[in-house]
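Structure file my_file-v5.csv; described as CSV, C-alpha atoms.
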```csv
chain,number,residue,atom,x,y,z
A,641,MET,CA,14.0,6.5,-11.5
A,642,LYS,CA,16.3,3.6,-12.0
A,643,ILE,CA,15.1,0.3,-10.5
A,644,TYR,CA,17.6,-2.3,-9.4
A,645,ARG,CA,16.1,-5.7,-8.5
A,646,LEU,CA,18.7,-7.5,-6.5
A,647,HIS,CA,19.0,-11.1,-5.2
A,648,TYR,CA,21.7,-12.7,-3.0
A,649,PRO,CA,24.3,-13.0,-4.2
A,650,HIS,CA,24.5,-10.2,-6.7
A,651,ASP,CA,27.2,-8.5,-8.7
A,652,GLN,CA,27.3,-4.8,-7.7
A,653,GLN,CA,30.4,-4.2,-9.7
A,654,GLU,CA,28.4,-3.7,-12.9
A,655,LEU,CA,26.0,-1.1,-11.4
A,656,ASN,CA,28.5,1.8,-11.4
A,657,LEU,CA,26.4,3.8,-9.0
A,658,GLU,CA,26.9,7.4,-8.0
A,659,PRO,CA,27.1,8.3,-4.3
A,660,SER,CA,23.7,8.3,-2.7
A,661,ALA,CA,21.7,8.8,0.4
A,662,VAL,CA,19.3,5.9,0.9
A,663,ALA,CA,16.1,5.5,2.9
A,664,VAL,CA,15.8,1.9,4.0
A,665,GLY,CA,12.6,0.0,5.0
A,666,PHE,CA,9.8,-2.1,3.7
A,667,PHE,CA,7.5,1.0,3.3
A,668,ASP,CA,4.2,-0.7,2.8
A,669,GLY,CA,1.6,2.0,2.5
A,670,LEU,CA,4.1,4.9,2.3
A,671,HIS,CA,2.3,6.3,5.3
A,672,ARG,CA,3.1,9.4,7.3
A,673,GLY,CA,5.9,7.7,9.2
A,674,HIS,CA,7.5,6.5,5.9
A,675,GLU,CA,7.1,9.9,4.4
A,676,ASP,CA,9.1,11.3,7.3
A,677,VAL,CA,12.0,8.8,6.7
A,678,ILE,CA,12.0,9.4,3.0
A,679,GLY,CA,11.7,13.2,3.5
A,680,ARG,CA,14.7,13.1,5.8
A,681,MET,CA,16.7,11.2,3.2
A,682,GLU,CA,15.8,13.8,0.6
A,683,ASP,CA,16.9,16.7,2.8
A,684,ILE,CA,20.3,15.0,3.4
A,685,ALA,CA,20.8,14.1,-0.3
A,686,GLU,CA,20.1,17.7,-1.4
A,687,ALA,CA,22.4,19.2,1.3
A,688,GLU,CA,25.2,16.8,0.5
A,689,GLY,CA,24.8,16.7,-3.3
A,690,LEU,CA,23.9,13.0,-3.4
A,691,LYS,CA,21.6,10.8,-5.4
A,692,LYS,CA,18.3,10.1,-3.7
A,693,ALA,CA,17.6,6.4,-3.2
A,694,VAL,CA,15.2,4.1,-1.5
A,695,MET,CA,15.9,0.5,-0.5
A,696,THR,CA,13.0,-1.8,0.0
A,697,PHE,CA,12.3,-5.6,0.0
A,698,ASP,CA,10.1,-8.1,-1.7
A,699,PRO,CA,8.3,-10.2,-0.5
A,700,HIS,CA,7.5,-9.1,3.0
A,701,PRO,CA,10.0,-10.6,5.5
A,702,SER,CA,7.2,-12.4,7.3
A,703,VAL,CA,6.9,-14.8,4.3
A,704,VAL,CA,10.4,-16.1,5.3
A,705,LEU,CA,10.5,-15.4,9.0
A,706,SER,CA,6.9,-15.8,10.4
A,707,PRO,CA,5.1,-18.8,8.9
A,708,LYS,CA,2.1,-18.2,11.2
A,709,LYS,CA,1.8,-14.5,10.4
A,710,GLN,CA,2.8,-14.3,6.7
A,711,ARG,CA,1.9,-11.0,5.2
A,712,THR,CA,1.0,-11.7,1.5
A,713,THR,CA,-1.4,-8.8,1.0
A,714,TYR,CA,-0.3,-5.2,0.9
A,715,LEU,CA,-1.5,-1.6,1.3
A,716,THR,CA,0.8,-0.6,-1.6
A,717,PRO,CA,1.8,-3.7,-3.7
A,718,LEU,CA,5.3,-3.4,-5.1
A,719,ASP,CA,4.4,-2.0,-8.5
A,720,ILE,CA,2.2,0.7,-6.8
A,721,LYS,CA,5.0,1.6,-4.4
A,722,LEU,CA,7.4,2.0,-7.2
A,723,GLU,CA,5.0,4.3,-9.0
A,724,MET,CA,4.6,6.5,-5.9
A,725,LEU,CA,8.4,6.6,-5.5
A,726,GLU,CA,8.7,7.6,-9.1
A,727,GLU,CA,6.4,10.6,-8.5
A,728,LYS,CA,8.8,11.7,-5.7
A,729,ARG,CA,11.7,11.9,-8.2
A,730,ILE,CA,13.8,9.3,-6.5
A,731,ASP,CA,16.9,8.5,-8.5
A,732,TYR,CA,17.6,4.9,-7.5
A,733,CYS,CA,15.3,2.3,-6.0
A,734,PHE,CA,16.9,-1.0,-4.8
A,735,VAL,CA,14.3,-3.8,-4.5
A,736,ILE,CA,16.0,-6.6,-2.6
A,737,ASN,CA,14.5,-10.1,-2.8
A,738,PHE,CA,13.9,-11.2,0.8
A,739,SER,CA,14.8,-14.8,0.7
A,740,SER,CA,16.1,-17.3,3.3
A,741,ALA,CA,19.6,-16.7,2.0
A,742,LEU,CA,19.3,-13.0,2.6
A,743,ALA,CA,17.7,-13.4,6.0
A,744,GLY,CA,20.7,-15.6,7.1
A,745,LEU,CA,23.3,-13.0,6.3
A,746,GLU,CA,25.3,-11.7,9.2
A,747,PRO,CA,24.6,-8.0,9.8
A,748,ASP,CA,28.1,-6.8,8.8
A,749,PHE,CA,28.0,-8.9,5.6
A,750,PHE,CA,24.6,-7.4,4.7
A,751,VAL,CA,26.1,-3.9,5.2
A,752,ASP,CA,29.1,-4.7,3.1
A,753,GLN,CA,27.1,-6.1,0.3
A,754,TYR,CA,24.1,-3.8,0.1
A,755,ILE,CA,25.3,-0.5,1.5
A,756,VAL,CA,29.1,-0.1,1.3
A,757,ARG,CA,29.5,-1.7,-2.1
A,758,MET,CA,26.4,0.2,-3.4
A,759,ASN,CA,28.3,3.5,-2.9
A,760,VAL,CA,25.9,4.6,-0.2
A,761,ARG,CA,27.2,7.6,1.8
A,762,GLU,CA,24.1,8.3,4.0
A,763,VAL,CA,21.6,5.8,5.5
A,764,VAL,CA,18.3,6.9,6.8
A,765,ALA,CA,15.9,4.4,8.6
A,766,GLY,CA,13.2,4.3,11.2
A,767,PHE,CA,14.2,3.9,14.8
A,768,ASP,CA,13.1,0.2,14.9
A,769,PHE,CA,14.7,-0.9,11.6
A,770,THR,CA,16.5,-4.3,11.9
A,771,TYR,CA,18.5,-6.3,9.4
A,772,GLY,CA,20.7,-9.4,9.2
A,773,ARG,CA,20.5,-12.8,10.8
A,774,TYR,CA,18.0,-12.9,13.7
A,775,GLY,CA,17.5,-9.2,13.3
A,776,ARG,CA,20.7,-8.4,15.2
A,777,GLY,CA,21.4,-5.4,13.0
A,778,THR,CA,19.9,-2.2,14.3
A,779,ILE,CA,20.2,1.6,13.9
A,780,ASP,CA,23.0,1.5,16.6
A,781,THR,CA,25.0,-1.2,14.7
A,782,LEU,CA,24.7,0.9,11.5
A,783,LYS,CA,26.0,3.9,13.4
A,784,ALA,CA,29.1,1.9,14.3
A,785,HIS,CA,30.2,1.8,10.7
A,786,ASP,CA,32.4,4.7,9.5
A,787,GLU,CA,32.1,4.1,5.8
A,788,PHE,CA,28.8,6.0,5.8
A,789,ASN,CA,26.7,8.2,8.1
A,790,THR,CA,23.5,6.9,9.7
A,791,THR,CA,20.4,8.8,10.7
A,792,GLY,CA,17.7,7.2,12.8
A,793,VAL,CA,14.2,8.7,12.5
A,794,GLU,CA,12.1,8.6,15.7
A,795,LYS,CA,8.6,7.2,15.6
A,796,ILE,CA,5.7,9.4,14.3
A,797,THR,CA,2.5,9.3,16.3
A,798,GLU,CA,-1.1,10.2,16.0
A,799,GLY,CA,-2.1,11.2,19.5
A,800,GLU,CA,-0.3,8.6,21.6
A,801,GLU,CA,-0.5,5.9,18.9
A,802,LYS,CA,2.5,5.0,16.8
A,803,ILE,CA,1.8,5.3,13.1
A,804,SER,CA,2.5,1.9,11.5
A,805,THR,CA,1.5,-0.3,8.6
A,806,THR,CA,0.2,-2.8,11.1
A,807,ARG,CA,-2.1,-0.3,12.7
A,808,ILE,CA,-3.5,0.8,9.3
A,809,ARG,CA,-4.2,-2.9,8.4
A,810,GLU,CA,-5.9,-3.4,11.7
A,811,ALA,CA,-8.1,-0.3,11.2
A,812,LEU,CA,-9.1,-1.4,7.7
A,813,ALA,CA,-10.0,-4.8,9.1
A,814,LYS,CA,-12.2,-3.3,11.8
A,815,ASN,CA,-14.2,-0.9,9.6
A,816,GLU,CA,-12.2,2.0,11.1
A,817,LEU,CA,-11.6,3.5,7.6
A,818,GLU,CA,-11.5,7.2,8.7
A,819,HIS,CA,-8.7,6.4,11.2
A,820,ALA,CA,-6.8,4.3,8.7
A,821,ASN,CA,-6.9,7.3,6.3
A,822,LEU,CA,-5.8,9.7,9.0
A,823,ILE,CA,-2.6,7.8,9.8
A,824,LEU,CA,-2.1,6.8,6.2
A,825,GLY,CA,-2.2,10.5,5.3
A,826,ARG,CA,-4.6,10.1,2.3
A,827,PRO,CA,-7.6,8.0,1.3
A,828,TYR,CA,-6.9,4.4,0.9
A,829,GLU,CA,-6.9,3.3,-2.7
A,830,VAL,CA,-7.1,0.1,-4.8
A,831,LYS,CA,-6.3,-0.2,-8.5
A,832,GLY,CA,-8.2,-2.7,-10.6
A,833,VAL,CA,-10.1,-3.4,-13.8
A,834,VAL,CA,-13.8,-3.3,-14.4
A,835,VAL,CA,-15.1,-6.9,-15.1
A,836,GLN,CA,-18.4,-8.6,-15.8
A,837,GLY,CA,-20.4,-9.4,-12.7
A,838,GLU,CA,-23.8,-10.9,-12.0
A,839,LYS,CA,-25.5,-7.8,-13.5
A,840,ARG,CA,-28.1,-7.9,-10.8
A,841,GLY,CA,-27.6,-4.3,-9.8
A,842,ARG,CA,-29.1,-2.9,-13.1
A,843,THR,CA,-32.2,-5.0,-12.5
A,844,ILE,CA,-32.9,-3.3,-9.2
A,845,GLY,CA,-32.0,0.2,-10.2
A,846,PHE,CA,-28.5,0.4,-8.9
A,847,PRO,CA,-26.0,-0.7,-11.7
A,848,THR,CA,-22.5,-1.3,-10.4
A,849,ALA,CA,-19.0,-1.5,-11.7
A,850,ASN,CA,-17.4,-4.7,-10.5
A,851,ILE,CA,-13.8,-4.1,-9.7
A,852,GLU,CA,-11.2,-6.9,-9.9
A,853,PRO,CA,-8.0,-5.7,-8.0
A,854,GLU,CA,-4.9,-5.8,-10.1
A,855,TYR,CA,-2.7,-6.9,-7.1
A,856,ARG,CA,-2.9,-8.6,-3.7
A,857,TYR,CA,-4.3,-5.7,-1.8
A,858,HIS,CA,-5.3,-5.7,1.9
A,859,LEU,CA,-9.0,-4.8,1.3
A,860,PRO,CA,-11.2,-2.9,3.7
A,861,ALA,CA,-13.5,-5.1,5.8
A,862,LYS,CA,-16.8,-6.2,4.4
A,863,GLY,CA,-19.2,-3.3,4.4
A,864,VAL,CA,-20.6,-0.3,2.6
A,865,TYR,CA,-18.4,2.7,1.9
A,866,ALA,CA,-18.5,6.2,0.3
A,867,VAL,CA,-15.9,6.2,-2.4
A,868,THR,CA,-14.6,8.0,-5.4
A,869,LEU,CA,-13.4,6.3,-8.6
A,870,ARG,CA,-11.1,7.5,-11.3
A,871,LEU,CA,-10.8,6.0,-14.7
A,872,ASP,CA,-7.1,5.8,-15.6
A,873,ASN,CA,-7.7,7.4,-19.0
A,874,GLU,CA,-9.5,10.4,-17.5
A,875,ASP,CA,-8.7,13.2,-15.1
A,876,ARG,CA,-12.3,13.3,-13.7
A,877,VAL,CA,-13.2,11.6,-10.4
A,878,TYR,CA,-16.7,10.1,-9.9
A,879,SER,CA,-18.5,9.7,-6.6
A,880,GLY,CA,-20.2,6.6,-5.6
A,881,VAL,CA,-21.2,4.0,-3.0
A,882,CYS,CA,-19.3,0.7,-2.7
A,883,ASN,CA,-20.1,-2.7,-1.3
A,884,VAL,CA,-17.2,-4.9,-0.3
A,885,GLY,CA,-18.4,-8.4,0.5
A,886,VAL,CA,-20.0,-11.7,-0.4
A,887,LYS,CA,-23.6,-10.5,-1.2
A,888,PRO,CA,-25.3,-12.6,1.6
A,889,THR,CA,-28.9,-11.6,0.4
A,890,PHE,CA,-28.3,-13.7,-2.7
A,891,HIS,CA,-25.6,-16.2,-1.7
A,892,ASP,CA,-25.3,-18.4,1.3
A,893,ASN,CA,-21.7,-19.7,0.9
A,894,LEU,CA,-19.9,-17.3,-1.3
A,895,GLU,CA,-16.3,-17.0,-0.1
A,896,ARG,CA,-14.7,-14.7,-2.6
A,897,VAL,CA,-15.1,-11.0,-1.7
A,898,SER,CA,-16.3,-8.7,-4.5
A,899,ILE,CA,-16.0,-5.0,-4.9
A,900,GLU,CA,-19.0,-3.3,-6.4
A,901,VAL,CA,-19.3,0.4,-7.0
A,902,HIS,CA,-22.5,2.3,-7.9
A,903,LEU,CA,-21.5,5.6,-9.4
A,904,PHE,CA,-23.8,8.6,-9.1
A,905,ASP,CA,-25.0,10.2,-12.3
A,906,PHE,CA,-23.1,7.8,-14.5
A,907,ASP,CA,-24.5,5.8,-17.4
A,908,ARG,CA,-21.7,4.3,-19.4
A,909,SER,CA,-20.3,0.8,-20.1
A,910,ILE,CA,-16.7,0.7,-18.7
A,911,TYR,CA,-15.9,-3.0,-18.9
A,912,GLY,CA,-12.2,-3.5,-19.3
A,913,GLU,CA,-11.3,0.0,-18.0
A,914,ASN,CA,-8.5,0.3,-15.5
A,915,VAL,CA,-9.7,2.3,-12.5
A,916,THR,CA,-8.6,3.4,-9.0
A,917,VAL,CA,-11.1,3.3,-6.1
A,918,TYR,CA,-10.5,5.7,-3.2
A,919,TRP,CA,-12.2,4.8,0.1
A,920,HIS,CA,-13.3,7.9,2.0
A,921,HIS,CA,-16.0,6.9,4.6
A,922,PHE,CA,-17.4,3.8,6.2
A,923,ILE,CA,-21.2,3.7,6.2
A,924,ARG,CA,-22.3,0.3,7.6
A,925,ARG,CA,-21.4,-3.4,7.8
A,926,GLU,CA,-22.6,-5.8,5.1
A,927,GLN,CA,-25.8,-7.5,6.1
A,928,LYS,CA,-28.3,-10.0,4.8
A,929,PHE,CA,-31.8,-8.7,3.9
A,930,SER,CA,-35.1,-10.5,3.7
A,931,GLY,CA,-35.7,-9.7,0.1
A,932,ILE,CA,-35.2,-7.3,-2.8
A,933,ASP,CA,-37.4,-4.6,-1.5
A,934,GLU,CA,-35.6,-4.3,1.8
A,935,LEU,CA,-32.3,-4.4,0.0
A,936,THR,CA,-33.1,-1.7,-2.4
A,937,GLY,CA,-34.6,0.5,0.3
A,938,GLN,CA,-31.3,0.3,2.2
A,939,ILE,CA,-29.2,0.9,-0.9
A,940,ALA,CA,-31.1,4.1,-1.5
A,941,LYS,CA,-30.3,5.2,2.1
A,942,ASP,CA,-26.7,4.2,1.6
A,943,LYS,CA,-26.5,6.2,-1.6
A,944,GLN,CA,-28.0,9.3,0.1
A,945,LYS,CA,-25.5,9.0,3.0
A,946,ALA,CA,-22.6,8.7,0.6
A,947,VAL,CA,-23.8,11.8,-1.3
A,948,GLU,CA,-23.8,13.7,1.9
A,949,LEU,CA,-20.3,12.4,3.0
A,950,LEU,CA,-18.7,13.1,-0.4
A,951,GLU,CA,-20.3,16.6,-0.8
A,952,ASN,CA,-17.1,18.5,-0.3
A,953,ILE,CA,-14.7,16.0,-2.0
```

Produce structure tokens that represent the structure in this file.
Amino acid sequence: MKIYRLHYPHDQQELNLEPSAVAVGFFDGLHRGHEDVIGRMEDIAEAEGLKKAVMTFDPHPSVVLSPKKQRTTYLTPLDIKLEMLEEKRIDYCFVINFSSALAGLEPDFFVDQYIVRMNVREVVAGFDFTYGRYGRGTIDTLKAHDEFNTTGVEKITEGEEKISTTRIREALAKNELEHANLILGRPYEVKGVVVQGEKRGRTIGFPTANIEPEYRYHLPAKGVYAVTLRLDNEDRVYSGVCNVGVKPTFHDNLERVSIEVHLFDFDRSIYGENVTVYWHHFIRREQKFSGIDELTGQIAKDKQKAVELLENI
């Protein structure tokens, strides 16, 4: 996959691109709705003999357009999103810097600069895609152009609920992990590196791997979860129980959230290893215990619950 990182203004003349069909959107999470848009693009590209392309943006438009609702954490940070698109055998990925200058472009000028002059023949986007100054560009305005064809993809629902990145983020924030995974289409995952922690877990019989996320992920809400973990240099996946939180039994004012995973039947030092944590089930909210005995008793129960929940994974 060839990645083109574009700013405004940019010189498209040097790209020398072959004709393509492009799926356009921010695509944070690459959830089931996004998969439908990209899948439609792939079908059209194959039918028309075109290159398969995805156009996305960085950072999230809210950083420029919504100062009170800036989205600076992601379900799939850009590097992860690019890895997932690479696995789909996409030919071109256009990553457009979403800046104040880009946001101020008139819709027709955006189309000229980033679609027509990029040799795009087919555009596929979600029904609610907008572009250009004040978001005046829509699927309907795209369809008014005759230099390319436009396909609008209707919303995908789970029950009566629209599948969206916003809903997944809300579900993760409310400990509704199973629902988040349902509309995401897979277990939520976070990549990170195993780092030194307080090493308290080993003293109470539950050693943990402390995971430092590699990117600015939107983490699940504080609580205890049944998870699996994969070391990047191994194919095997290990089961475990994970605490996301601030360890209130030991700290009164700790603000920084930590991710601690206790792996079952695992006795190795893996400091410095790159890993991926997959969240499967929510067990309970994080809580403060009266002491070590009460804490270890609850951890034992959490571990048993996680073992049961992960039995068929």

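Nearest to Ser909 in chain A of all the residues A:Gln836, A:Glu682, A:Pro853, A:Gly931 is A:Gln836, counting all atoms listed in the file.
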
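For the pair CA of Arg776 in chain A and CA of Gly744 in chain A, the interatomic distance is 10.8 Å.
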
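With distances restricted to only C-alpha atoms, A:Pro659 is the closest residue to Lys691 in chain A from A:Pro649, A:Pro659, A:Gly885, A:Gly832.
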
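Residues in contact with Leu722 in chain A at 12 Å, where all atoms listed in the file are counted and same-chain residues fewer than 5 positions away are skipped, are listed as A:Met641, A:Lys642, A:Ile643, A:Tyr644, A:Arg645, A:Phe666, A:Phe667, A:Asp668, A:Gly669, A:Leu670, A:Ala693, A:Val694, A:Met695, A:Thr696, A:Phe697, A:Asp698, A:Thr716, A:Pro717, A:Glu727, A:Lys728, A:Arg729, A:Ile730, A:Asp731, A:Tyr732, A:Cys733, A:Phe734, A:Val735.
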
| said: Just want the 10 Å neighbourhood of Ala741 in chain A, counted on all atoms listed in the file, with same-chain residues fewer than 3 positions away dropped. Output as number ranges by chain. | reply: A: 647-649, 704, 737-738, 744-745, 773

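When only C-alpha atoms are used to measure the gap to Val664 in chain A, the shortest distance among A:Arg757, A:Arg826, A:Arg680, A:Arg711 belongs to A:Arg680.
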
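Relative to CA of Leu824 in chain A, CA of Thr770 in chain A is found at 22.4 Å.
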
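Between CA of Leu859 in chain A and CA of Ile678 in chain A lies a distance of 25.4 Å.
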
| query | Could you list as a list of chain:residue names every residue that has an atom within 7 Å of (-22.4, -7.4, 8.1), using the file's coordinates and counting all atoms listed in the file? | reply | A:Lys862, A:Gly863, A:Arg925, A:Glu926, A:Gln927

All residues 10 Å or closer to Thr868 in chain A, all atoms listed in the file, same chain fewer than 2 positions away omitted, as a PDB file with C-alpha atoms, in the coordinates of the input:
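Final file, around-v3.pdb:
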```
ATOM      1  CA  PRO A 827      -7.600   8.000   1.300  1.00  0.00           C
ATOM      2  CA  GLU A 829      -6.900   3.300  -2.700  1.00  0.00           C
ATOM      3  CA  TYR A 865     -18.400   2.700   1.900  1.00  0.00           C
ATOM      4  CA  ALA A 866     -18.500   6.200   0.300  1.00  0.00           C
ATOM      5  CA  ARG A 870     -11.100   7.500 -11.300  1.00  0.00           C
ATOM      6  CA  VAL A 877     -13.200  11.600 -10.400  1.00  0.00           C
ATOM      7  CA  TYR A 878     -16.700  10.100  -9.900  1.00  0.00           C
ATOM      8  CA  SER A 879     -18.500   9.700  -6.600  1.00  0.00           C
ATOM      9  CA  GLY A 880     -20.200   6.600  -5.600  1.00  0.00           C
ATOM     10  CA  VAL A 881     -21.200   4.000  -3.000  1.00  0.00           C
ATOM     11  CA  CYS A 882     -19.300   0.700  -2.700  1.00  0.00           C
ATOM     12  CA  VAL A 901     -19.300   0.400  -7.000  1.00  0.00           C
ATOM     13  CA  LEU A 903     -21.500   5.600  -9.400  1.00  0.00           C
ATOM     14  CA  PHE A 904     -23.800   8.600  -9.100  1.00  0.00           C
ATOM     15  CA  THR A 916      -8.600   3.400  -9.000  1.00  0.00           C
ATOM     16  CA  VAL A 917     -11.100   3.300  -6.100  1.00  0.00           C
ATOM     17  CA  TYR A 918     -10.500   5.700  -3.200  1.00  0.00           C
ATOM     18  CA  TRP A 919     -12.200   4.800   0.100  1.00  0.00           C
ATOM     19  CA  HIS A 920     -13.300   7.900   2.000  1.00  0.00           C
ATOM     20  CA  LEU A 950     -18.700  13.100  -0.400  1.00  0.00           C
ATOM     21  CA  ILE A 953     -14.700  16.000  -2.000  1.00  0.00           C
TER      22      ILE A 953
END
```
